[in-house]
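Visitor: Pasting model.txt here (compact mmCIF, C-alpha atoms):
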# COMPACT_ATOMS: atom_id res chain seq x y z
CA MET A 1 101.32 167.05 -2.42
CA THR A 2 103.33 164.09 -1.11
CA SER A 3 102.76 160.83 -3.02
CA ALA A 4 102.71 157.33 -1.55
CA ASN A 5 106.03 156.61 -3.29
CA ASP A 6 107.62 159.69 -1.71
CA SER A 7 106.44 158.51 1.73
CA LEU A 8 107.88 155.05 1.14
CA GLN A 9 111.21 156.54 0.07
CA ALA A 10 111.28 158.75 3.16
CA ALA A 11 110.50 155.79 5.39
CA GLY A 12 113.25 153.78 3.73
CA LYS A 13 115.77 156.57 4.23
CA ARG A 14 114.79 156.90 7.88
CA SER A 15 115.17 153.15 8.40
CA LEU A 16 118.65 153.31 6.85
CA VAL A 17 119.66 156.16 9.14
CA ASP A 18 118.29 154.29 12.18
CA ALA A 19 120.23 151.17 11.18
CA THR A 20 123.40 153.24 10.80
CA ILE A 21 122.87 154.87 14.19
CA GLU A 22 122.47 151.43 15.76
CA GLN A 23 125.64 150.11 14.13
CA LEU A 24 127.66 153.11 15.29
CA ARG A 25 126.15 152.85 18.78
CA GLU A 26 127.18 149.18 18.93
CA GLN A 27 130.72 150.05 17.84
CA LEU A 28 130.95 152.70 20.54
CA ALA A 29 129.59 150.36 23.22
CA ALA A 30 132.07 147.66 22.16
CA GLY A 31 134.96 150.09 22.55
CA SER A 32 135.98 150.03 18.90
CA TRP A 33 136.89 153.67 19.41
CA PRO A 34 137.80 154.56 23.02
CA VAL A 35 136.54 157.68 24.76
CA GLY A 36 138.53 160.65 23.50
CA ALA A 37 139.49 158.97 20.22
CA ARG A 38 138.59 160.38 16.83
CA ILE A 39 136.22 158.21 14.83
CA PRO A 40 136.85 157.49 11.12
CA THR A 41 135.96 160.17 8.61
CA GLU A 42 132.53 160.45 7.08
CA HIS A 43 133.87 158.96 3.84
CA GLU A 44 135.51 156.00 5.63
CA LEU A 45 132.37 155.25 7.64
CA ALA A 46 130.21 155.39 4.52
CA GLU A 47 132.45 152.82 2.83
CA ARG A 48 132.58 150.53 5.87
CA LEU A 49 128.83 150.61 6.44
CA GLN A 50 127.95 150.59 2.74
CA VAL A 51 125.69 153.63 3.02
CA GLY A 52 125.73 157.14 1.61
CA ARG A 53 127.69 159.97 3.23
CA ASN A 54 124.46 161.86 3.92
CA THR A 55 123.20 158.87 5.91
CA VAL A 56 126.43 158.80 7.95
CA ARG A 57 126.26 162.55 8.48
CA GLU A 58 122.72 162.35 9.85
CA ALA A 59 123.55 159.35 12.08
CA VAL A 60 126.57 161.14 13.51
CA ARG A 61 124.46 164.25 14.12
CA VAL A 62 121.99 162.17 16.15
CA LEU A 63 124.77 160.63 18.26
CA VAL A 64 126.30 164.06 18.85
CA HIS A 65 122.93 165.28 20.09
CA ALA A 66 122.66 162.15 22.29
CA GLY A 67 125.99 163.00 23.92
CA MET A 68 127.96 160.01 22.62
CA LEU A 69 130.03 161.99 20.11
CA VAL A 70 131.37 165.53 19.93
CA THR A 71 132.40 167.43 16.81
CA ARG A 72 135.37 169.80 16.93
CA GLN A 73 135.66 172.28 14.11
CA GLY A 74 138.64 171.48 11.90
CA GLU A 75 139.61 168.39 13.91
CA GLY A 76 136.88 165.82 13.35
CA THR A 77 134.40 163.90 15.48
CA PHE A 78 135.47 162.35 18.77
CA VAL A 79 134.02 159.82 21.22
CA ARG A 80 132.50 161.47 24.25
CA SER A 81 130.80 158.45 25.83
CA SER A 82 130.59 154.74 25.09
CA SER A 83 127.07 154.51 26.49
CA ASP A 84 123.90 156.19 25.29
CA PRO A 85 122.55 158.47 28.05
CA ALA A 86 119.01 157.85 26.80
CA SER A 87 119.47 154.10 27.39
CA VAL A 88 120.79 154.81 30.88
CA LEU A 89 117.74 156.92 31.69
CA ARG A 90 115.42 154.24 30.35
CA GLY A 91 117.14 151.82 32.70
CA VAL A 92 116.52 154.18 35.59
CA GLN A 93 112.83 154.32 34.70
CA ARG A 94 112.67 150.53 35.00
CA SER A 95 114.34 150.56 38.44
CA GLY A 96 112.41 150.14 41.66
CA VAL A 97 111.46 153.07 43.86
CA ARG A 98 113.98 152.04 46.54
CA ASP A 99 116.83 151.99 44.01
CA VAL A 100 115.97 155.39 42.57
CA LEU A 101 115.48 156.91 46.03
CA GLU A 102 118.91 155.68 47.13
CA VAL A 103 120.56 157.27 44.09
CA ARG A 104 118.69 160.49 44.73
CA ALA A 105 119.92 160.41 48.35
CA ALA A 106 123.51 160.02 47.18
CA LEU A 107 123.12 163.03 44.87
CA GLU A 108 121.47 165.17 47.54
CA THR A 109 124.01 164.50 50.27
CA GLU A 110 126.87 165.49 47.97
CA ALA A 111 124.87 168.52 46.83
CA ALA A 112 124.37 169.55 50.48
CA ARG A 113 128.13 169.41 51.07
CA LEU A 114 128.80 171.56 48.02
CA ALA A 115 125.95 173.94 48.89
CA ALA A 116 127.52 174.58 52.30
CA LEU A 117 130.69 175.72 50.52
CA ARG A 118 129.19 177.53 47.52
CA HIS A 119 125.75 178.86 48.43
CA THR A 120 124.80 182.49 47.99
CA PRO A 121 122.57 184.53 50.31
CA GLU A 122 119.89 184.30 47.61
CA ASP A 123 120.03 180.49 47.78
CA ILE A 124 119.29 180.56 51.51
CA VAL A 125 116.42 183.02 51.02
CA ARG A 126 114.94 180.80 48.33
CA MET A 127 115.11 177.65 50.47
CA ARG A 128 113.52 179.35 53.46
CA ALA A 129 110.77 180.84 51.28
CA VAL A 130 109.88 177.42 49.88
CA LEU A 131 109.78 175.95 53.39
CA ALA A 132 107.52 178.77 54.55
CA ARG A 133 105.06 178.02 51.75
CA GLU A 134 105.25 174.31 52.53
CA ALA A 135 104.54 174.96 56.21
CA GLU A 136 101.49 177.03 55.25
CA VAL A 137 100.14 174.18 53.11
CA ILE A 138 100.66 171.68 55.93
CA ALA A 139 98.93 173.98 58.40
CA SER A 140 95.92 174.41 56.13
CA HIS A 141 95.76 170.72 55.16
CA PRO A 142 96.96 168.81 58.24
CA GLU A 143 95.35 165.59 57.08
CA ARG A 144 97.31 165.74 53.79
CA ALA A 145 100.68 166.75 55.27
CA GLY A 146 103.57 165.42 53.20
CA ARG A 147 101.36 163.87 50.58
CA GLU A 148 99.97 165.39 47.38
CA ALA A 149 99.29 168.72 49.11
CA THR A 150 103.01 169.35 49.66
CA VAL A 151 104.78 167.12 47.14
CA GLU A 152 105.44 169.94 44.65
CA HIS A 153 106.75 172.27 47.36
CA ASP A 154 108.96 169.50 48.73
CA LEU A 155 110.44 168.76 45.31
CA GLU A 156 111.03 172.50 44.83
CA PHE A 157 112.88 172.65 48.16
CA HIS A 158 115.17 169.73 47.37
CA THR A 159 115.85 171.14 43.91
CA ALA A 160 116.80 174.47 45.52
CA VAL A 161 119.29 172.65 47.75
CA VAL A 162 120.91 170.97 44.76
CA GLU A 163 121.01 174.20 42.75
CA ALA A 164 122.74 175.90 45.70
CA ALA A 165 125.69 173.56 45.00
CA ASN A 166 126.20 175.63 41.84
CA ASN A 167 127.07 172.61 39.72
CA PRO A 168 124.98 172.63 36.50
CA ALA A 169 125.72 168.98 35.70
CA LEU A 170 124.60 167.85 39.15
CA THR A 171 121.46 169.96 38.85
CA GLU A 172 120.44 168.39 35.52
CA VAL A 173 121.00 164.83 36.75
CA TYR A 174 119.07 165.58 39.93
CA ARG A 175 116.11 167.09 38.08
CA TYR A 176 115.60 163.78 36.36
CA PHE A 177 115.95 161.71 39.53
CA GLY A 178 113.72 164.05 41.54
CA ALA A 179 110.87 163.63 39.08
CA SER A 180 111.47 159.88 38.83
CA VAL A 181 111.29 159.41 42.59
CA ARG A 182 108.06 161.36 42.82
CA GLU A 183 106.38 159.38 40.06
CA SER A 184 107.75 156.04 41.28
CA MET A 185 106.44 156.64 44.79
CA ARG A 186 103.03 157.71 43.54
CA THR A 187 102.82 154.67 41.27
CA ALA A 188 104.02 152.21 43.91
CA PHE A 189 102.14 153.50 46.93
CA GLY A 190 99.54 156.07 45.92
CA ASP A 191 99.34 159.60 47.36
CA HIS A 192 97.67 158.43 50.57
CA GLU A 193 100.71 156.35 51.54
CA MET A 194 103.46 158.81 50.70
CA PRO A 195 105.70 159.69 53.68
CA GLU A 196 104.84 162.82 55.62
CA VAL A 197 107.02 165.91 55.37
CA VAL A 198 108.64 167.12 58.60
CA VAL A 199 109.50 170.80 58.18
CA ALA A 200 111.88 170.82 61.18
CA THR A 201 114.36 168.46 59.50
CA HIS A 202 114.28 170.60 56.36
CA GLU A 203 114.96 173.73 58.40
CA ALA A 204 117.88 171.98 60.07
CA LEU A 205 119.35 171.30 56.63
CA VAL A 206 119.08 174.96 55.61
CA ASP A 207 120.73 176.01 58.90
CA ALA A 208 123.57 173.54 58.28
CA ILE A 209 124.11 174.78 54.72
CA GLU A 210 124.06 178.39 55.90
CA SER A 211 126.70 177.57 58.54
CA GLY A 212 129.18 176.74 55.79
CA ASP A 213 130.11 173.41 57.40
CA PRO A 214 129.99 170.66 54.69
CA ASP A 215 130.09 167.79 57.21
CA ARG A 216 127.19 169.25 59.16
CA ALA A 217 125.24 169.82 55.94
CA GLU A 218 125.81 166.25 54.79
CA ALA A 219 124.72 164.86 58.16
CA ALA A 220 121.58 167.04 58.19
CA CYS A 221 120.71 165.95 54.66
CA ARG A 222 121.20 162.30 55.50
CA ALA A 223 119.01 162.64 58.59
CA LEU A 224 116.30 164.25 56.47
CA LEU A 225 116.46 161.54 53.79
CA ASP A 226 116.54 158.66 56.29
CA GLU A 227 112.85 159.34 56.95
CA PRO A 228 111.47 158.74 53.43
CA ILE A 229 113.90 155.85 52.86
CA ALA A 230 112.72 154.15 56.07
CA ALA A 231 109.09 154.81 55.10
CA VAL A 232 109.64 153.25 51.67
CA GLU A 233 111.29 150.20 53.24
CA GLN A 234 108.31 149.80 55.57
CA LEU A 235 105.79 150.17 52.77
CA LEU A 236 107.63 147.70 50.54
CA ALA A 237 107.75 145.18 53.37
CA SER A 238 104.02 145.68 53.95
CA ILE A 239 103.25 145.17 50.27
CA ALA A 240 105.41 142.03 50.15
CA ALA A 241 103.63 140.63 53.22
CA ARG A 242 100.24 141.02 51.54
CA LYS A 243 101.29 139.01 48.48
Starting from the file, give its structure as structure tokens.
Guide:
Amino acid sequence: MTSANDSLQAAGKRSLVDATIEQLREQLAAGSWPVGARIPTEHELAERLQVGRNTVREAVRVLVHAGMLVTRQGEGTFVRSSSDPASVLRGVQRSGVRDVLEVRAALETEAARLAALRHTPEDIVRMRAVLAREAEVIASHPERAGREATVEHDLEFHTAVVEAANNPALTEVYRYFGASVRESMRTAFGDHEMPEVVVATHEALVDAIESGDPDRAEAACRALLDEPIAAVEQLLASIAARK
């Protein structure tokens, strides 16, 4: 059975680790060790920070997991990034819907270019299948077209486009932005004001990707995304006018 003293000791240890993590994070952000450089040894860090080696080891493990450091067997620990990805994502969450949508558009247009060059036949089949399901939903719920009745299908379609680029890093970044845009739009406008989905523009994008022409694919993607961006601009202007 855990005693109150044990709990207090555990809390104290955790606070020490958190403080060490914060100090190391600040050093990384300040550029004390540039990207690619090896950080001081565990022993050296423990002496500098006046903490135990176990505390340093745990703090480094957390920063490795966060993507700021990388450990190479037999070589040491090196700086991978001077910024904490978690902090970046928290900043994205605080951004406005227009800002997030514009970043998503930038990711999607580049993904469309890459998809035109790298897609597989299976990618095209998947995109067309998602569009077919989306068209069925719109046909059965015409009054809800493009709103909550199709939002999941639409996100699935755009994710399929990005995955057809066959770039795992791009896919992971996009997954976050795709979900953020959906939630931001729902929060800002409500389902009843979300832009309608036009299947024809989505089909044109698939045709462009299948053609293998990256310029055509980028143009088709931009034409598709111009619609929700314009709708968001209009809704934001309307909201501002009511204030």
Visitor: May I have a table of the residues of region 44-123 of chain A lying at most 7 Å from region 15-33 of chain A, giving each one's closest pair of atoms and their distance in Å to one decimal, counting all atoms listed in the file, ordered by chain and ascending residue number, as CSV?
Guide:
residue,atom,partner,partner_atom,distance
A:Thr55,CA,A:Val17,CA,5.5
A:Val56,CA,A:Thr20,CA,6.9
A:Glu58,CA,A:Val17,CA,6.9
A:Ala59,CA,A:Ile21,CA,5.0
A:Ser82,CA,A:Ala29,CA,4.9
A:Ser83,CA,A:Ala29,CA,5.9
Visitor: How many Å lie between CA of Gln73 (chain A) and CA of Glu172 (chain A), rounded to one decimal?
Guide: 26.6 Å
Visitor: Could you please determine the separation between CA of Glu227 (chain A) and CA of Ala164 (chain A) in Å, to one decimal place?
Guide: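 For CA of Glu227 (chain A) relative to CA of Ala164 (chain A), the distance reads 22.3 Å.
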Visitor: So, with only C-alpha atoms as the atoms that count, which of A:Met68, A:Val62, A:Val137, A:Ala219 lies closest to Ala111 (chain A)?
Guide: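 Between A:Met68, A:Val62, A:Val137, A:Ala219, the residue approaching Ala111 (chain A) most closely is A:Ala219.
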Visitor: Which is closer to Ala165 (chain A) than all the others in A:Arg48, A:Arg113, A:Arg53, A:His141, using all atoms listed in the file?
Guide: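 Selected residue with least distance to Ala165 (chain A): A:Arg113.
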Visitor: What gap, in Å, lies between CA of Thr120 (chain A) and CA of Val173 (chain A)?
Guide: 21.3 Å
Visitor: Under the rule that only C-alpha atoms are counted, which of A:Val79, A:Ala135, A:Leu69, A:Met127 is the nearest residue to Val35 (chain A)?
Guide: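 Closest to Val35 (chain A) of all the choices is A:Val79.
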Visitor: For region 202-214 of chain A, work out the shell of residues within 6 Å, counting all atoms listed in the file and skipping chain neighbours fewer than 5 positions away, then give it as a VMD selection string.
Guide: chain A and resid 113 116 to 117 220 to 221
Visitor: Which protein, DNA or RNA residues are at most 12 Å from (127.9, 171.6, 40.0) in the file's coordinates when you count only C-alpha atoms, listed as a list in words?
Guide: Leu107, Glu108, Glu110, Ala111, Ala112, Arg113, Leu114, Ala115, Leu117, Arg118, His119, Val161, Val162, Glu163, Ala164, Ala165, Asn166, Asn167, Pro168, Ala169, Leu170, Thr171, Glu172, Val173 and Tyr174 of chain A
